[in-house]
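Colleague: Quick one, run06.pdb (PDB, C-alpha atoms and all ligand atoms):
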```pdb
ATOM      1  CA  MET K   1     154.254 117.953  61.178
ATOM      2  CA  SER K   2     156.792 120.780  60.986
ATOM      3  CA  GLN K   3     155.771 123.712  58.853
ATOM      4  CA  HIS K   4     159.256 123.795  57.327
ATOM      5  CA  ILE K   5     159.549 121.162  54.613
ATOM      6  CA  LEU K   6     162.262 120.608  52.033
ATOM      7  CA  GLY K   7     161.190 121.148  48.426
ATOM      8  CA  VAL K   8     163.392 119.995  45.538
ATOM      9  CA  ASP K   9     163.125 120.700  41.824
ATOM     10  CA  VAL K  10     164.896 118.241  39.537
ATOM     11  CA  GLY K  11     165.733 119.880  36.223
ATOM     12  CA  GLY K  12     167.791 119.119  33.144
ATOM     13  CA  SER K  13     170.779 121.214  34.209
ATOM     14  CA  GLY K  14     170.439 121.511  37.973
ATOM     15  CA  ILE K  15     168.797 120.013  41.057
ATOM     16  CA  LYS K  16     167.680 122.825  43.359
ATOM     17  CA  GLY K  17     166.302 122.650  46.861
ATOM     18  CA  SER K  18     165.294 124.839  49.761
ATOM     19  CA  LEU K  19     163.494 124.612  53.027
ATOM     20  CA  VAL K  20     160.016 126.090  52.591
ATOM     21  CA  ASP K  21     157.587 127.508  55.116
ATOM     22  CA  VAL K  22     154.508 125.700  53.835
ATOM     23  CA  GLN K  23     152.155 128.070  55.711
ATOM     24  CA  THR K  24     153.398 131.151  53.849
ATOM     25  CA  GLY K  25     155.193 129.772  50.761
ATOM     26  CA  ALA K  26     158.388 131.619  51.696
ATOM     27  CA  LEU K  27     161.810 130.047  51.218
ATOM     28  CA  VAL K  28     163.623 129.558  54.526
ATOM     29  CA  GLY K  29     167.311 130.266  53.958
ATOM     30  CA  SER K  30     168.883 130.132  50.555
ATOM     31  CA  ARG K  31     168.364 127.876  47.587
ATOM     32  CA  ILE K  32     171.033 125.201  47.173
ATOM     33  CA  ARG K  33     171.854 123.729  43.786
ATOM     34  CA  VAL K  34     173.897 120.840  42.474
ATOM     35  CA  ASP K  35     174.523 120.124  38.796
ATOM     36  CA  THR K  36     172.418 117.425  37.183
ATOM     37  CA  PRO K  37     175.001 114.813  36.245
ATOM     38  CA  ALA K  38     175.129 113.203  32.816
ATOM     39  CA  PRO K  39     174.088 110.626  31.785
ATOM     40  CA  ALA K  40     171.095 111.424  33.985
ATOM     41  CA  ASN K  41     170.043 107.860  34.746
ATOM     42  CA  PRO K  42     168.203 106.946  37.977
ATOM     43  CA  SER K  43     171.092 105.821  40.173
ATOM     44  CA  VAL K  44     173.316 108.780  39.190
ATOM     45  CA  ILE K  45     170.533 111.311  39.789
ATOM     46  CA  ALA K  46     169.597 109.649  43.079
ATOM     47  CA  GLU K  47     173.199 110.014  44.217
ATOM     48  CA  ALA K  48     173.207 113.721  43.257
ATOM     49  CA  PHE K  49     169.831 114.150  45.007
ATOM     50  CA  ALA K  50     171.241 112.560  48.186
ATOM     51  CA  GLY K  51     174.293 114.849  47.886
ATOM     52  CA  LEU K  52     172.026 117.912  47.806
ATOM     53  CA  ILE K  53     170.113 116.774  50.910
ATOM     54  CA  LYS K  54     173.416 116.192  52.723
ATOM     55  CA  LYS K  55     174.670 119.642  51.703
ATOM     56  CA  ILE K  56     171.495 121.199  53.110
ATOM     57  CA  GLY K  57     171.767 119.011  56.219
ATOM     58  CA  TYR K  58     168.068 118.152  56.382
ATOM     59  CA  SER K  59     166.132 115.220  57.706
ATOM     60  CA  GLY K  60     162.344 114.922  57.364
ATOM     61  CA  PRO K  61     159.776 114.684  54.591
ATOM     62  CA  ILE K  62     160.845 115.898  51.133
ATOM     63  CA  GLY K  63     158.742 116.929  48.138
ATOM     64  CA  CYS K  64     160.243 116.577  44.688
ATOM     65  CA  GLY K  65     159.153 118.060  41.354
ATOM     66  CA  PHE K  66     160.291 115.896  38.440
ATOM     67  CA  PRO K  67     160.185 116.733  34.690
ATOM     68  CA  ALA K  68     158.065 113.779  33.554
ATOM     69  CA  ILE K  69     154.646 112.198  33.950
ATOM     70  CA  VAL K  70     154.656 110.967  37.552
ATOM     71  CA  GLN K  71     151.949 108.476  38.419
ATOM     72  CA  HIS K  72     151.933 107.284  42.025
ATOM     73  CA  GLY K  73     155.640 108.029  42.302
ATOM     74  CA  VAL K  74     156.588 106.273  39.052
ATOM     75  CA  ALA K  75     158.033 108.125  36.012
ATOM     76  CA  LYS K  76     155.945 107.342  32.944
ATOM     77  CA  SER K  77     157.624 109.511  30.299
ATOM     78  CA  ALA K  78     161.026 111.006  29.528
ATOM     79  CA  ALA K  79     160.780 113.818  26.981
ATOM     80  CA  ASN K  80     163.725 115.842  28.290
ATOM     81  CA  ILE K  81     165.410 113.370  30.646
ATOM     82  CA  ASP K  82     167.223 110.054  30.261
ATOM     83  CA  LYS K  83     164.891 107.407  28.805
ATOM     84  CA  SER K  84     165.997 104.888  31.453
ATOM     85  CA  TRP K  85     163.709 106.701  33.927
ATOM     86  CA  ILE K  86     160.553 105.286  32.375
ATOM     87  CA  GLY K  87     158.981 102.797  34.776
ATOM     88  CA  HIS K  88     161.266 103.831  37.663
ATOM     89  CA  ASN K  89     159.805 104.641  41.056
ATOM     90  CA  ILE K  90     161.260 108.101  41.786
ATOM     91  CA  GLU K  91     160.017 108.095  45.364
ATOM     92  CA  GLU K  92     161.629 104.729  46.227
ATOM     93  CA  GLU K  93     164.869 105.561  44.412
ATOM     94  CA  PHE K  94     165.328 108.961  46.117
ATOM     95  CA  SER K  95     164.069 107.846  49.562
ATOM     96  CA  ALA K  96     166.550 104.943  49.599
ATOM     97  CA  ALA K  97     169.413 107.197  48.472
ATOM     98  CA  CYS K  98     168.884 109.963  51.049
ATOM     99  CA  GLY K  99     167.215 108.104  53.932
ATOM    100  CA  ASN K 100     164.192 110.458  54.084
ATOM    101  CA  PRO K 101     160.619 109.924  52.850
ATOM    102  CA  VAL K 102     160.268 111.520  49.389
ATOM    103  CA  LYS K 103     157.020 112.314  47.558
ATOM    104  CA  ALA K 104     157.311 113.098  43.842
ATOM    105  CA  LEU K 105     155.072 114.871  41.349
ATOM    106  CA  ASN K 106     155.365 116.405  37.889
ATOM    107  CA  ASP K 107     157.424 119.632  37.993
ATOM    108  CA  ALA K 108     154.743 121.797  36.365
ATOM    109  CA  ASP K 109     152.119 120.369  38.716
ATOM    110  CA  ALA K 110     154.411 121.390  41.590
ATOM    111  CA  ALA K 111     154.747 124.942  40.231
ATOM    112  CA  GLY K 112     150.977 125.055  39.748
ATOM    113  CA  LEU K 113     150.317 123.992  43.344
ATOM    114  CA  ALA K 114     152.527 126.847  44.551
ATOM    115  CA  GLU K 115     150.770 129.437  42.374
ATOM    116  CA  LEU K 116     147.315 128.172  43.345
ATOM    117  CA  THR K 117     148.201 128.180  47.050
ATOM    118  CA  PHE K 118     150.205 131.419  47.311
ATOM    119  CA  GLY K 119     150.358 133.155  43.938
ATOM    120  CA  GLN K 120     148.285 134.297  40.967
ATOM    121  CA  GLY K 121     145.848 131.374  41.146
ATOM    122  CA  LYS K 122     144.947 131.828  44.802
ATOM    123  CA  ASP K 123     141.172 131.745  45.272
ATOM    124  CA  VAL K 124     140.556 131.788  41.498
ATOM    125  CA  PRO K 125     137.533 129.608  40.754
ATOM    126  CA  GLY K 126     136.971 127.673  37.534
ATOM    127  CA  VAL K 127     139.644 126.348  35.194
ATOM    128  CA  VAL K 128     143.171 127.688  35.709
ATOM    129  CA  LEU K 129     146.051 126.583  33.536
ATOM    130  CA  LEU K 130     149.666 127.151  34.509
ATOM    131  CA  ILE K 131     152.290 126.740  31.794
ATOM    132  CA  THR K 132     156.004 126.541  32.608
ATOM    133  CA  ILE K 133     158.074 127.773  29.696
ATOM    134  CA  GLY K 134     161.609 126.388  29.639
ATOM    135  CA  THR K 135     163.415 123.606  27.795
ATOM    136  CA  GLY K 136     159.995 122.024  27.452
ATOM    137  CA  LEU K 137     156.454 123.249  28.078
ATOM    138  CA  GLY K 138     154.986 121.932  31.318
ATOM    139  CA  THR K 139     151.316 122.315  32.177
ATOM    140  CA  ALA K 140     149.200 122.110  35.326
ATOM    141  CA  GLN K 141     145.418 122.283  35.207
ATOM    142  CA  PHE K 142     143.238 123.199  38.181
ATOM    143  CA  VAL K 143     139.476 122.994  38.432
ATOM    144  CA  ASP K 144     138.146 125.048  41.339
ATOM    145  CA  GLY K 145     141.564 124.767  42.990
ATOM    146  CA  THR K 146     141.909 120.996  42.543
ATOM    147  CA  LEU K 147     144.853 119.734  40.510
ATOM    148  CA  VAL K 148     144.176 117.460  37.539
ATOM    149  CA  PRO K 149     147.675 115.904  37.411
ATOM    150  CA  ASN K 150     149.905 115.072  34.441
ATOM    151  CA  THR K 151     148.034 116.978  31.746
ATOM    152  CA  GLU K 152     151.156 117.228  29.501
ATOM    153  CA  PHE K 153     149.569 119.782  27.162
ATOM    154  CA  GLY K 154     153.076 120.739  26.048
ATOM    155  CA  HIS K 155     152.882 117.642  23.887
ATOM    156  CA  LEU K 156     149.832 118.701  21.898
ATOM    157  CA  TYR K 157     150.493 119.120  18.183
ATOM    158  CA  LEU K 158     150.695 122.514  16.450
ATOM    159  CA  HIS K 159     151.514 122.722  12.744
ATOM    160  CA  GLY K 160     152.591 119.082  12.792
ATOM    161  CA  ARG K 161     155.133 119.742  15.561
ATOM    162  CA  ILE K 162     154.941 118.882  19.245
ATOM    163  CA  ALA K 163     154.018 122.224  20.849
ATOM    164  CA  GLU K 164     157.159 122.323  23.012
ATOM    165  CA  HIS K 165     159.224 121.888  19.835
ATOM    166  CA  TYR K 166     157.433 124.923  18.384
ATOM    167  CA  CYS K 167     157.273 127.556  21.115
ATOM    168  CA  SER K 168     159.267 126.611  24.247
ATOM    169  CA  ASN K 169     161.984 128.948  25.498
ATOM    170  CA  ARG K 170     164.616 126.548  24.147
ATOM    171  CA  ILE K 171     163.134 126.953  20.662
ATOM    172  CA  ARG K 172     163.031 130.754  21.067
ATOM    173  CA  GLU K 173     166.758 130.699  21.834
ATOM    174  CA  GLU K 174     167.759 128.043  19.278
ATOM    175  CA  GLU K 175     165.825 129.648  16.431
ATOM    176  CA  ASN K 176     166.845 133.145  17.533
ATOM    177  CA  LEU K 177     163.223 134.325  17.557
ATOM    178  CA  SER K 178     162.411 137.929  18.457
ATOM    179  CA  TRP K 179     159.910 138.392  21.296
ATOM    180  CA  LYS K 180     157.364 139.348  18.638
ATOM    181  CA  ASP K 181     157.869 136.180  16.592
ATOM    182  CA  TRP K 182     157.995 133.927  19.605
ATOM    183  CA  ALA K 183     154.895 135.597  21.136
ATOM    184  CA  SER K 184     153.038 135.042  17.889
ATOM    185  CA  ARG K 185     153.803 131.304  18.061
ATOM    186  CA  PHE K 186     153.007 131.148  21.759
ATOM    187  CA  SER K 187     149.714 132.970  21.166
ATOM    188  CA  GLU K 188     148.710 130.265  18.703
ATOM    189  CA  TYR K 189     149.439 127.714  21.378
ATOM    190  CA  LEU K 190     147.371 129.627  23.963
ATOM    191  CA  ARG K 191     144.450 129.941  21.526
ATOM    192  CA  HIS K 192     144.623 126.202  20.866
ATOM    193  CA  LEU K 193     144.397 125.534  24.615
ATOM    194  CA  GLU K 194     141.612 128.095  24.860
ATOM    195  CA  ARG K 195     139.526 126.220  22.275
ATOM    196  CA  LEU K 196     140.117 122.893  24.014
ATOM    197  CA  LEU K 197     139.692 123.868  27.663
ATOM    198  CA  THR K 198     137.937 127.258  27.963
ATOM    199  CA  PRO K 199     140.204 128.330  30.850
ATOM    200  CA  ASP K 200     139.428 131.299  33.101
ATOM    201  CA  LEU K 201     143.091 132.180  33.561
ATOM    202  CA  PHE K 202     146.516 131.324  32.134
ATOM    203  CA  ILE K 203     149.519 131.669  34.460
ATOM    204  CA  LEU K 204     152.947 131.654  32.820
ATOM    205  CA  GLY K 205     155.865 130.265  34.841
ATOM    206  CA  GLY K 206     159.394 129.026  34.212
ATOM    207  CA  GLY K 207     162.530 131.133  33.780
ATOM    208  CA  VAL K 208     161.049 133.251  31.008
ATOM    209  CA  SER K 209     158.171 134.473  33.188
ATOM    210  CA  LYS K 210     160.464 137.151  34.626
ATOM    211  CA  GLU K 211     160.677 138.650  31.119
ATOM    212  CA  PHE K 212     156.875 138.991  30.957
ATOM    213  CA  LYS K 213     157.197 142.764  30.510
ATOM    214  CA  ASP K 214     158.969 142.074  27.191
ATOM    215  CA  PHE K 215     156.335 139.806  25.689
ATOM    216  CA  GLY K 216     153.103 139.941  27.756
ATOM    217  CA  HIS K 217     151.638 142.776  25.653
ATOM    218  CA  LEU K 218     152.382 140.839  22.447
ATOM    219  CA  LEU K 219     150.199 137.862  23.356
ATOM    220  CA  LYS K 220     146.923 137.675  21.444
ATOM    221  CA  VAL K 221     144.386 135.531  23.271
ATOM    222  CA  ASN K 222     141.045 136.294  24.915
ATOM    223  CA  THR K 223     141.654 134.571  28.248
ATOM    224  CA  PRO K 224     143.535 136.681  30.864
ATOM    225  CA  VAL K 225     147.261 135.860  31.093
ATOM    226  CA  LYS K 226     149.381 136.607  34.170
ATOM    227  CA  PRO K 227     153.048 135.918  34.993
ATOM    228  CA  ALA K 228     153.641 133.521  37.883
ATOM    229  CA  LYS K 229     154.174 135.354  41.135
ATOM    230  CA  LEU K 230     156.656 132.918  42.637
ATOM    231  CA  LEU K 231     158.790 132.937  39.465
ATOM    232  CA  ASN K 232     161.614 130.426  39.686
ATOM    233  CA  SER K 233     160.922 129.190  43.206
ATOM    234  CA  ALA K 234     157.406 127.927  42.380
ATOM    235  CA  GLY K 235     158.595 124.361  41.655
ATOM    236  CA  ILE K 236     160.401 124.089  44.997
ATOM    237  CA  VAL K 237     157.563 125.648  46.993
ATOM    238  CA  GLY K 238     154.896 123.473  45.364
ATOM    239  CA  ALA K 239     156.909 120.298  45.916
ATOM    240  CA  ALA K 240     157.186 121.119  49.626
ATOM    241  CA  VAL K 241     153.450 121.857  49.812
ATOM    242  CA  TYR K 242     152.766 118.487  48.181
ATOM    243  CA  ALA K 243     154.959 116.626  50.704
ATOM    244  CA  GLY K 244     153.168 118.378  53.551
ATOM    245  CA  LYS K 245     149.685 117.317  52.436
TER     246      LYS K 245
HETATM  247  C1  LIG X 301     157.612 116.978  30.089
HETATM  248  C2  LIG X 301     156.742 117.395  31.238
HETATM  249  C3  LIG X 301     157.407 118.494  32.034
HETATM  250  C4  LIG X 301     157.846 119.631  31.137
HETATM  251  C5  LIG X 301     158.597 120.711  31.891
HETATM  252  C6  LIG X 301     157.991 118.193  29.276
HETATM  253  O1  LIG X 301     158.845 117.811  28.243
HETATM  254  O2  LIG X 301     156.926 116.058  29.261
HETATM  255  O3  LIG X 301     156.477 116.286  32.064
HETATM  256  O4  LIG X 301     156.512 118.967  33.004
HETATM  257  O5  LIG X 301     158.662 119.144  30.091
HETATM  258  O6  LIG X 301     159.741 120.219  32.502
END
```
For this file, write the structure as structure tokens.
Ligand code: BGC
Modeller:
Amino acid sequence: MSQHILGVDVGGSGIKGSLVDVQTGALVGSRIRVDTPAPANPSVIAEAFAGLIKKIGYSGPIGCGFPAIVQHGVAKSAANIDKSWIGHNIEEEFSAACGNPVKALNDADAAGLAELTFGQGKDVPGVVLLITIGTGLGTAQFVDGTLVPNTEFGHLYLHGRIAEHYCSNRIREEENLSWKDWASRFSEYLRHLERLLTPDLFILGGGVSKEFKDFGHLLKVNTPVKPAKLLNSAGIVGAAVYAGK
């Protein structure tokens, strides 16, 4: 199999893809993006997905990170996407639309695979937890490098609220929280995870990870916390790695 595989990250506002060298984790060429259409139901998204593949001009295996529980290719939840996805086979829908074999996994699991293969989690034994901080909170748990898929710890409860409704980046923006106030909430979340899972390392990904210098020192938790190394490309890289397995 070629070592250049197409990775795609389906998100709430955009669908982004790039060819990835799955030996090194480097993007080959530039990232291409199309807007996520609304309403974001399966056939409309599949059409946009196929449009992206056509724009890139690729044929071959494709890996796709998707913002939901993904069990054997089927979406099982829809916290931040159109509810009509639940029960839909993402892999069949996208493969039929673009004419290439597509393998799908949860978007945070994809980002985690990238960080564990090429980034901050490389060769780290024990329990590693990657958290993507964006519109929602995505989580990926690894035990001695093996992914435990679909953990969905962003949906744990904190103060009677779903955690991602308490300390995601969307909430930070909507509630106009200072870094200090947001970091205090996020620290509570990390300490909650710490009590439940006794991780060896937290890796923080998602768009906000590039601001780590603004909030990293404000986090109060015993477990080491590091910003994701692959930043915003982790989802694409991990999806490609997954398709190449
Ligand atoms: C979803 C997860 C997803 C995360 C990040 C959450 O709302 O439940 O499946 O990984 O958002 O997109």
Colleague: Report the centre and edge lengths, in Å to one decimal, of an axis-aligned box enclosing every atom of ligand LIG 301 (chain X) listed in the file, padded by 5 Å on each side, as JSON.
Modeller:
```
{"center_x": 158.1, "center_y": 118.4, "center_z": 30.6, "size_x": 13.3, "size_y": 14.7, "size_z": 14.8}
```
Colleague: Please indicate the distance in Å from atom CA of K:Phe66 to atom CA of K:Asp123, rounded to one decimal place.
Modeller: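 These atoms are spaced 25.8 Å apart.
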Colleague: My list of candidates is K:Phe153, K:Tyr166, K:Phe212, K:Phe186. Which is closest to ligand LIG 301 (chain X) when distances are computed with all atoms listed in the file?
Modeller: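 For ligand LIG 301 (chain X), the nearest of the given residues is K:Phe153.
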Colleague: So what does the PyMOL selection byres (((chain K and resi 234) around 10) and not hetatm) actually pick up in this one, as number ranges by chain?
Modeller: K: 7, 9, 25, 107-115, 118-119, 132, 205-206, 228-233, 235-240
Colleague: Near K:Arg191, counting all atoms listed in the file, which residues have an atom at most 10 Å away, once you skip same-chain residues fewer than 6 positions from it, shown as a compact mmCIF listing (two decimals) with C-alpha atoms, in the coordinates of the input?
Modeller:
```txt
# COMPACT_ATOMS: atom_id res chain seq x y z
CA LEU K 197 139.69 123.87 27.66
CA THR K 198 137.94 127.26 27.96
CA LEU K 219 150.20 137.86 23.36
CA LYS K 220 146.92 137.68 21.44
CA VAL K 221 144.39 135.53 23.27
CA ASN K 222 141.04 136.29 24.92
CA THR K 223 141.65 134.57 28.25
```
Colleague: Show which residues sit within 10 Å of K:Gly51, as a ChimeraX atom specification. Count only C-alpha atoms, and ignore same-chain residues fewer than 6 positions away.
Modeller: /K:34,45,57,97-98
Colleague: My list of candidates is K:Leu129, K:Ala38, K:Ile53, K:Ala79. Which is closest to K:Gly145 when distances are computed with only C-alpha atoms?
Modeller: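 Of K:Leu129, K:Ala38, K:Ile53, K:Ala79, the one nearest K:Gly145, counting only C-alpha atoms, is K:Leu129.
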Colleague: Using only C-alpha atoms and all ligand atoms, pick whichever of K:Lys213, K:Lys83, K:Lys16, K:His155 has the shortest atom-to-atom distance to ligand LIG 301 (chain X).
Modeller: K:His155
Colleague: Can you work out which residues are within 7 Å of ligand LIG 301 (chain X), considering all atoms listed in the file, and then hand them over as a tab-separated table (two decimals) with C-alpha atoms, in the frame of the given file?
Modeller:
```tsv
chain	number	residue	atom	x	y	z
K	67	PRO	CA	160.18	116.73	34.69
K	68	ALA	CA	158.06	113.78	33.55
K	69	ILE	CA	154.65	112.20	33.95
K	77	SER	CA	157.62	109.51	30.30
K	78	ALA	CA	161.03	111.01	29.53
K	79	ALA	CA	160.78	113.82	26.98
K	80	ASN	CA	163.72	115.84	28.29
K	106	ASN	CA	155.36	116.40	37.89
K	107	ASP	CA	157.42	119.63	37.99
K	108	ALA	CA	154.74	121.80	36.36
K	132	THR	CA	156.00	126.54	32.61
K	134	GLY	CA	161.61	126.39	29.64
K	135	THR	CA	163.42	123.61	27.80
K	136	GLY	CA	160.00	122.02	27.45
K	137	LEU	CA	156.45	123.25	28.08
K	138	GLY	CA	154.99	121.93	31.32
K	139	THR	CA	151.32	122.32	32.18
K	152	GLU	CA	151.16	117.23	29.50
K	154	GLY	CA	153.08	120.74	26.05
K	155	HIS	CA	152.88	117.64	23.89
```
Colleague: Rank K:Ile162, K:Ile90, K:Val8, K:Val148 by their smallest atom-to-atom distance to K:His72, using only C-alpha atoms, and report the top residue only.
Modeller: K:Ile90
Colleague: Figure out the distance between atom CA of K:Asp82 and atom CA of K:Ser13, please, to one decimal in Å.
Modeller: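 Rounded to one decimal, the two atoms are 12.4 Å apart.
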Colleague: Name the residues captured by the PyMOL selection byres (((chain K and resi 29) around 8) and not hetatm) when it is applied to the shown file; answer as a VMD selection string.
Modeller: chain K and resid 18 to 19 27 to 28 30 to 31
